[in-house]
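What follows is one structure encoded as structure tokens, with my remarks underneath.
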Amino acid sequence: MTQVALFHTCLVNEIDPEVGMAVVRVLERAGASVDVPEDQTCCGQPAYNAGFHDDAREIARHTLRVLSRTEGTIVIPSGSCADMIIHQYAVLFQDDAEMTRAAHDVAVRCREFSQFLGEAAPEFRAGRLASRVAYHPSCHLLRGLGVRREPIALIERVEGAEPVHVQEHDECCGFGGLFSVKNAPISNGMLERKIAALEASGADRVVACDLGCLLHVGGGLHRRGSKVRAQHLAQFLDEAADGVR
Amino acid sequence: MAFAERAIDALADARLRGALDRVTGALGSRRESAFASLDHAEIVRDAARAARLTAIEDLAGHLERFEARLMANGARVHWAETPDAANRIVADIAERAGVRRAVKSKSMVSEETHLNAALERAGVVAVETDLGEYIVQLANDRPSHIIAPIIHLTRQDVGRVMERQLAVPYTDDTRELAAIARQRLRQEFLRADMGITGANFGVVETGTICLVTNEGNGRMVTTMPRVHVVFMGIEKLIPTLADLDRCLKVLARSATGQKLTVYTTLVNGPRKPGERDGPEELHVVLLDNGRSRMRGGETAEILGCIRCGACLNVCPVYRTIGGHAYGDIYPGPVGAVVTPGLRGLEPFRELPGASSLCGACRDVCPVRLDIPRMLLALRDRVEREAPTSRALGRAMKMFAWVASRPVLYRRGAALVRWSLRRLSSNGWITRAPGPAAPWTKYRDLKAPGPRTFQEQWKAWRSQSSQSSQSSQRSQRSQR
């Protein structure tokens, strides 16, 4: 059994633990044995993106300490947190050779959730779920990590799942972390474009690999009384597995 | 008016949002298909990037050689540190040559220095001849897109402007509108004494000024008046003519989705003895205006920008609020980096934050400028030098301190979750106070569950280790 360490992310731990449980169940079904390092907190991205790089470094040091004590692949169910640890830590520590090495040592062991499933469990049985699925490629997953195909391939492997076309599907939903609060009217303008595209797509659910974007899109859909549900890819796969139990 | 207020105004303008959506969408998809026709597109992009960054790396050396070649070609070279100095140089040239009327092709740098107003004060009438810029000038407006300056106007708007300013009957037929402009501009070309252009590229090895236009006005401006003034930033250099080939290949594709613009004009000095057309005098004004300062900082890379505007068309923020909200000449992602660099960080400190960091700009940039990286670096500098919010700074410091102490973090998070749950009903928060209020103004906030993930996971793990894995499996298969 492959041993993996789960960096669950702060949003999953504090706001939507069901995403984390779905991740664990899917990973175990795919043959992995999941460990959850207890002392993990946040990757530091909120501070980093808001321009507080000293504060981000402090959190990054802690996260690197925690993750360097783990073994095997570190699975991260968030494209943006994964991009933070894989790419941005090295930027934060570019003037510190020792920390850069620590950042690289951890970075090479990190995989975003869909990336990991695609690589480690190509025979993964995805289950059955009649659904019309709009896949939303979150920005840092798509453009930061370059993960384009994996999530769609996983969705396509679910029997009965029908991926639908969303107009301008790779445009940002407007979340952007604190951007959604500091520039709330603009963020909402972007969200409205996204929601209009999702509504027009005929999907019954929007699936993504980032809880931040999902809270944003999901919260916008809920406010507008939409029938479209927002769901993490792990939850979708977990639900599909339930369908064949 | 602050950035946030300008953005809210733009958001309230449904017509503007419709226009932005259509035009940027069309330009974006034309760009994609144009690049599909370019062999080895990625290598050409690399080469264009290398050409630009090489020139900027040793800018002093390239400028020195460029100046020498320009002079050998018969051009006069003028250096300007500030916008005022640059404007004065042009006004002086006009005065010495007895110029009363000037025609201009598109120049972003002249927008930077407000050259038209300065010339007017010096008694010189300067007329824009790029169709979009001409309408901007007639409407006494400002461009809102680098390539499509009147993206914010409809053809009805244009019809009304022409009716009012040119005393012509109202029409919103675009062909008729273009014909009116063509007729007026033809007269301007014929009677102007001075032509003012920008420069898309300055080729160092040959001292060539390269201009790209689609309307032919660039060619008229560079050949008809007796004085030609090139107005350019010091950073617009590329080392060789071979570099020009690569840069042109990516510029037109990125800007308008063309393989090449309709006109590509190469200026190699004033009219020489025996030549039948061209200006008697050629002046090149090289403006610094903060560019040297930027070279030493975290945003030096942005000096490689070739002003194609592709980043505007894919930027979801630009597509939502348009160009005027950015408050200066250069809008969109490139503007959010360039404007604080040219004009100072403090008055434009909101611009680096005006991005969700989605990275679409970096993906389309023909010379691969890492705009998100520069925005992040600028945000860090903003918070050190001109904080957007001291309360946020204190909160972040506290957050970092707590997030590096897991036990404390768990307690703090429990408190936050508890308060959020108290605000919720049916699992959602529809109105939150304080820092979360802007969120719930527009969207609902999912309320935290009763337990954290770690708590749930621990319970699940101890449960699954009690019942053996195999019995679990058999239970499942029976269900």
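Letters for chains follow the order of the structure tokens (A, B, ...), residue numbers begin at 1 for each chain, and ligand numbers begin at 1 in the order shown.
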Contacts of segment 94-102 of chain A within 9 Å, only C-alpha atoms, excl. fewer than 3 positions in-chain, as a list in words: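 Within the cut-off, the hits are Arg61, Leu64, Arg65, Ser68, Tyr89, Ala90, Val91, Asp105, Val106 and Ala107 of chain A.
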Selection export as a PDB file, in the first residue's frame, atoms kept: all heavy atoms:
ATOM      1  N   ARG A  61       7.766  28.302   7.049  1.00  0.00           N
ATOM      2  CA  ARG A  61       8.773  27.577   7.850  1.00  0.00           C
ATOM      3  C   ARG A  61       8.104  26.494   8.666  1.00  0.00           C
ATOM      4  O   ARG A  61       8.584  25.358   8.731  1.00  0.00           O
ATOM      5  CB  ARG A  61       9.493  28.548   8.804  1.00  0.00           C
ATOM      6  CG  ARG A  61      10.650  29.232   8.164  1.00  0.00           C
ATOM      7  CD  ARG A  61      11.665  29.742   9.174  1.00  0.00           C
ATOM      8  NE  ARG A  61      12.657  30.479   8.424  1.00  0.00           N
ATOM      9  CZ  ARG A  61      12.516  31.759   8.085  1.00  0.00           C
ATOM     10  NH1 ARG A  61      11.472  32.444   8.517  1.00  0.00           N
ATOM     11  NH2 ARG A  61      13.423  32.351   7.340  1.00  0.00           N
ATOM     12  N   LEU A  64       6.875  23.680   6.362  1.00  0.00           N
ATOM     13  CA  LEU A  64       7.995  22.857   5.875  1.00  0.00           C
ATOM     14  C   LEU A  64       8.513  21.936   6.977  1.00  0.00           C
ATOM     15  O   LEU A  64       8.851  20.778   6.723  1.00  0.00           O
ATOM     16  CB  LEU A  64       9.123  23.750   5.353  1.00  0.00           C
ATOM     17  CG  LEU A  64       8.861  24.415   4.000  1.00  0.00           C
ATOM     18  CD1 LEU A  64       9.978  25.384   3.639  1.00  0.00           C
ATOM     19  CD2 LEU A  64       8.689  23.358   2.895  1.00  0.00           C
ATOM     20  N   ARG A  65       8.546  22.463   8.205  1.00  0.00           N
ATOM     21  CA  ARG A  65       8.976  21.640   9.343  1.00  0.00           C
ATOM     22  C   ARG A  65       8.050  20.432   9.481  1.00  0.00           C
ATOM     23  O   ARG A  65       8.491  19.291   9.581  1.00  0.00           O
ATOM     24  CB  ARG A  65       8.939  22.494  10.619  1.00  0.00           C
ATOM     25  CG  ARG A  65      10.059  22.190  11.592  1.00  0.00           C
ATOM     26  CD  ARG A  65      10.293  23.269  12.658  1.00  0.00           C
ATOM     27  NE  ARG A  65       9.178  24.114  12.983  1.00  0.00           N
ATOM     28  CZ  ARG A  65       9.202  25.450  12.898  1.00  0.00           C
ATOM     29  NH1 ARG A  65      10.292  26.065  12.493  1.00  0.00           N
ATOM     30  NH2 ARG A  65       8.148  26.173  13.236  1.00  0.00           N
ATOM     31  N   SER A  68       8.310  18.053   6.330  1.00  0.00           N
ATOM     32  CA  SER A  68       9.586  17.351   6.152  1.00  0.00           C
ATOM     33  C   SER A  68       9.683  16.143   7.085  1.00  0.00           C
ATOM     34  O   SER A  68      10.501  15.253   6.859  1.00  0.00           O
ATOM     35  CB  SER A  68      10.758  18.300   6.364  1.00  0.00           C
ATOM     36  OG  SER A  68      10.715  18.807   7.675  1.00  0.00           O
ATOM     37  N   TYR A  89       6.992  28.748  -2.278  1.00  0.00           N
ATOM     38  CA  TYR A  89       7.932  28.699  -1.150  1.00  0.00           C
ATOM     39  C   TYR A  89       9.350  29.010  -1.629  1.00  0.00           C
ATOM     40  O   TYR A  89      10.105  29.714  -0.969  1.00  0.00           O
ATOM     41  CB  TYR A  89       7.905  27.323  -0.464  1.00  0.00           C
ATOM     42  CG  TYR A  89       6.775  27.131   0.528  1.00  0.00           C
ATOM     43  CD1 TYR A  89       5.727  28.045   0.605  1.00  0.00           C
ATOM     44  CD2 TYR A  89       6.750  26.036   1.398  1.00  0.00           C
ATOM     45  CE1 TYR A  89       4.685  27.864   1.503  1.00  0.00           C
ATOM     46  CE2 TYR A  89       5.717  25.849   2.306  1.00  0.00           C
ATOM     47  CZ  TYR A  89       4.684  26.764   2.355  1.00  0.00           C
ATOM     48  OH  TYR A  89       3.667  26.583   3.245  1.00  0.00           O
ATOM     49  N   ALA A  90       9.692  28.475  -2.780  1.00  0.00           N
ATOM     50  CA  ALA A  90      11.037  28.721  -3.314  1.00  0.00           C
ATOM     51  C   ALA A  90      11.237  30.204  -3.622  1.00  0.00           C
ATOM     52  O   ALA A  90      12.346  30.728  -3.496  1.00  0.00           O
ATOM     53  CB  ALA A  90      11.262  27.876  -4.562  1.00  0.00           C
ATOM     54  N   VAL A  91      10.173  30.884  -4.025  1.00  0.00           N
ATOM     55  CA  VAL A  91      10.261  32.327  -4.264  1.00  0.00           C
ATOM     56  C   VAL A  91      10.449  33.064  -2.939  1.00  0.00           C
ATOM     57  O   VAL A  91      11.295  33.951  -2.812  1.00  0.00           O
ATOM     58  CB  VAL A  91       8.988  32.852  -4.986  1.00  0.00           C
ATOM     59  CG1 VAL A  91       9.043  34.362  -5.153  1.00  0.00           C
ATOM     60  CG2 VAL A  91       8.804  32.162  -6.327  1.00  0.00           C
ATOM     61  N   ASP A 105      12.996  20.056  -1.268  1.00  0.00           N
ATOM     62  CA  ASP A 105      12.854  18.675  -0.777  1.00  0.00           C
ATOM     63  C   ASP A 105      11.386  18.314  -0.566  1.00  0.00           C
ATOM     64  O   ASP A 105      10.948  17.211  -0.890  1.00  0.00           O
ATOM     65  CB  ASP A 105      13.617  18.503   0.551  1.00  0.00           C
ATOM     66  CG  ASP A 105      15.126  18.432   0.337  1.00  0.00           C
ATOM     67  OD1 ASP A 105      15.534  18.253  -0.834  1.00  0.00           O
ATOM     68  OD2 ASP A 105      15.885  18.560   1.323  1.00  0.00           O
ATOM     69  N   VAL A 106      10.637  19.265  -0.023  1.00  0.00           N
ATOM     70  CA  VAL A 106       9.214  19.011   0.200  1.00  0.00           C
ATOM     71  C   VAL A 106       8.446  19.105  -1.123  1.00  0.00           C
ATOM     72  O   VAL A 106       7.597  18.261  -1.427  1.00  0.00           O
ATOM     73  CB  VAL A 106       8.645  19.992   1.252  1.00  0.00           C
ATOM     74  CG1 VAL A 106       7.123  19.994   1.231  1.00  0.00           C
ATOM     75  CG2 VAL A 106       9.163  19.628   2.638  1.00  0.00           C
ATOM     76  N   ALA A 107       8.788  20.112  -1.918  1.00  0.00           N
ATOM     77  CA  ALA A 107       8.044  20.350  -3.166  1.00  0.00           C
ATOM     78  C   ALA A 107       8.010  19.102  -4.052  1.00  0.00           C
ATOM     79  O   ALA A 107       6.963  18.755  -4.596  1.00  0.00           O
ATOM     80  CB  ALA A 107       8.658  21.522  -3.926  1.00  0.00           C
TER      81      ALA A 107
END
Residues near Leu142 of chain A, cut-off 12 Å, only C-alpha atoms, skip fewer than 3 positions along chain, as a ChimeraX atom specification: /A:78-80,82-83,112,114-115,135-139,145-152,169-172,208-210 /B:358-360,363
Write out the residues from the selection above, keeping N, CA and C atoms, as a compact mmCIF listing (two decimals), in the first residue's frame.
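The resulting part_2.txt:
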# COMPACT_ATOMS: atom_id res chain seq x y z
N SER A 78 -5.92 20.69 -3.07
CA SER A 78 -6.14 22.09 -3.47
C SER A 78 -5.03 22.52 -4.42
N GLY A 79 -5.42 22.95 -5.60
CA GLY A 79 -4.42 23.40 -6.57
C GLY A 79 -3.63 24.60 -6.09
N SER A 80 -4.30 25.53 -5.42
CA SER A 80 -3.60 26.75 -5.04
C SER A 80 -2.67 26.52 -3.85
N ALA A 82 -1.28 23.68 -3.19
CA ALA A 82 -0.19 22.88 -3.76
C ALA A 82 0.79 23.78 -4.51
N ASP A 83 0.27 24.72 -5.28
CA ASP A 83 1.15 25.64 -6.02
C ASP A 83 1.95 26.51 -5.04
N GLU A 112 -0.87 17.36 -6.14
CA GLU A 112 -2.26 17.76 -5.98
C GLU A 112 -3.11 16.49 -6.12
N SER A 114 -5.83 15.33 -7.74
CA SER A 114 -6.17 14.68 -9.03
C SER A 114 -4.90 14.20 -9.73
N GLN A 115 -3.83 14.96 -9.55
CA GLN A 115 -2.53 14.57 -10.10
C GLN A 115 -2.11 13.23 -9.52
N TYR A 135 -16.83 20.99 -15.15
CA TYR A 135 -15.55 21.02 -14.44
C TYR A 135 -15.01 22.45 -14.48
N HIS A 136 -14.69 22.98 -13.31
CA HIS A 136 -14.08 24.32 -13.26
C HIS A 136 -12.59 24.19 -12.97
N PRO A 137 -11.74 24.49 -13.96
CA PRO A 137 -10.30 24.41 -13.70
C PRO A 137 -9.87 25.61 -12.87
N SER A 138 -9.52 25.37 -11.64
CA SER A 138 -9.11 26.50 -10.79
C SER A 138 -7.76 27.02 -11.30
N CYS A 139 -7.54 28.32 -11.14
CA CYS A 139 -6.43 28.98 -11.84
C CYS A 139 -5.05 28.44 -11.48
N LEU A 145 0.17 24.80 -11.72
CA LEU A 145 0.70 23.43 -11.75
C LEU A 145 0.62 22.81 -13.14
N GLY A 146 -0.13 23.43 -14.04
CA GLY A 146 -0.27 22.87 -15.38
C GLY A 146 -1.12 21.61 -15.42
N VAL A 147 -2.01 21.45 -14.45
CA VAL A 147 -2.88 20.27 -14.44
C VAL A 147 -4.15 20.61 -15.22
N ARG A 148 -4.29 19.97 -16.38
CA ARG A 148 -5.40 20.28 -17.27
C ARG A 148 -6.31 19.06 -17.45
N ARG A 149 -5.68 17.94 -17.78
CA ARG A 149 -6.43 16.75 -18.19
C ARG A 149 -6.91 15.87 -17.03
N GLU A 150 -6.07 15.75 -16.00
CA GLU A 150 -6.31 14.74 -14.96
C GLU A 150 -7.72 14.77 -14.36
N PRO A 151 -8.18 15.95 -13.90
CA PRO A 151 -9.51 15.95 -13.28
C PRO A 151 -10.60 15.55 -14.27
N ILE A 152 -10.47 16.03 -15.51
CA ILE A 152 -11.49 15.69 -16.51
C ILE A 152 -11.47 14.20 -16.78
N HIS A 169 -14.52 28.51 -19.97
CA HIS A 169 -14.47 27.67 -18.77
C HIS A 169 -13.21 27.91 -17.95
N ASP A 170 -12.12 28.39 -18.60
CA ASP A 170 -10.90 28.54 -17.82
C ASP A 170 -10.70 29.96 -17.29
N GLU A 171 -11.77 30.75 -17.30
CA GLU A 171 -11.65 32.08 -16.70
C GLU A 171 -11.89 31.98 -15.19
N CYS A 172 -11.13 32.79 -14.47
CA CYS A 172 -11.16 32.82 -13.00
C CYS A 172 -12.58 33.10 -12.49
N ALA A 208 -14.64 21.05 -8.87
CA ALA A 208 -13.33 21.68 -8.93
C ALA A 208 -12.41 21.03 -7.90
N CYS A 209 -11.16 21.42 -7.93
CA CYS A 209 -10.17 20.82 -7.04
C CYS A 209 -9.63 21.83 -6.02
N ASP A 210 -10.38 22.88 -5.77
CA ASP A 210 -9.94 23.92 -4.84
C ASP A 210 -11.13 24.38 -4.00
N CYS B 358 -4.84 35.14 -11.25
CA CYS B 358 -5.25 33.93 -11.97
C CYS B 358 -4.19 33.46 -12.95
N GLY B 359 -3.30 34.36 -13.37
CA GLY B 359 -2.19 33.94 -14.22
C GLY B 359 -2.48 33.91 -15.70
N ALA B 360 -3.70 34.31 -16.12
CA ALA B 360 -4.02 34.29 -17.55
C ALA B 360 -3.11 35.25 -18.32
N ASP B 363 0.19 33.61 -19.13
CA ASP B 363 0.07 32.60 -20.17
C ASP B 363 0.02 33.18 -21.57
Output the contact residues of chain B with respect to chain A at a cut-off of 7 Å, based on only C-alpha atoms, as a ChimeraX atom specification. /B:8,316-317,320,356-359,376,379-380,383,396-397,400,403-404,406,417,438-439,442-449,452-454,457,476-477,479
Residues within 7 Å of segment 63-77 of chain B, only C-alpha atoms, excluding chain neighbours under 5 positions, as an NGL selection string: :B and (204-207 or 268-270 or 282-285)
Which neighbours of Pro122 of chain A fall inside 10 Å, counting only C-alpha atoms, when residues of the same chain fewer than 6 positions from it are skipped, and could you give them as a ChimeraX atom specification? /A:30,116,154
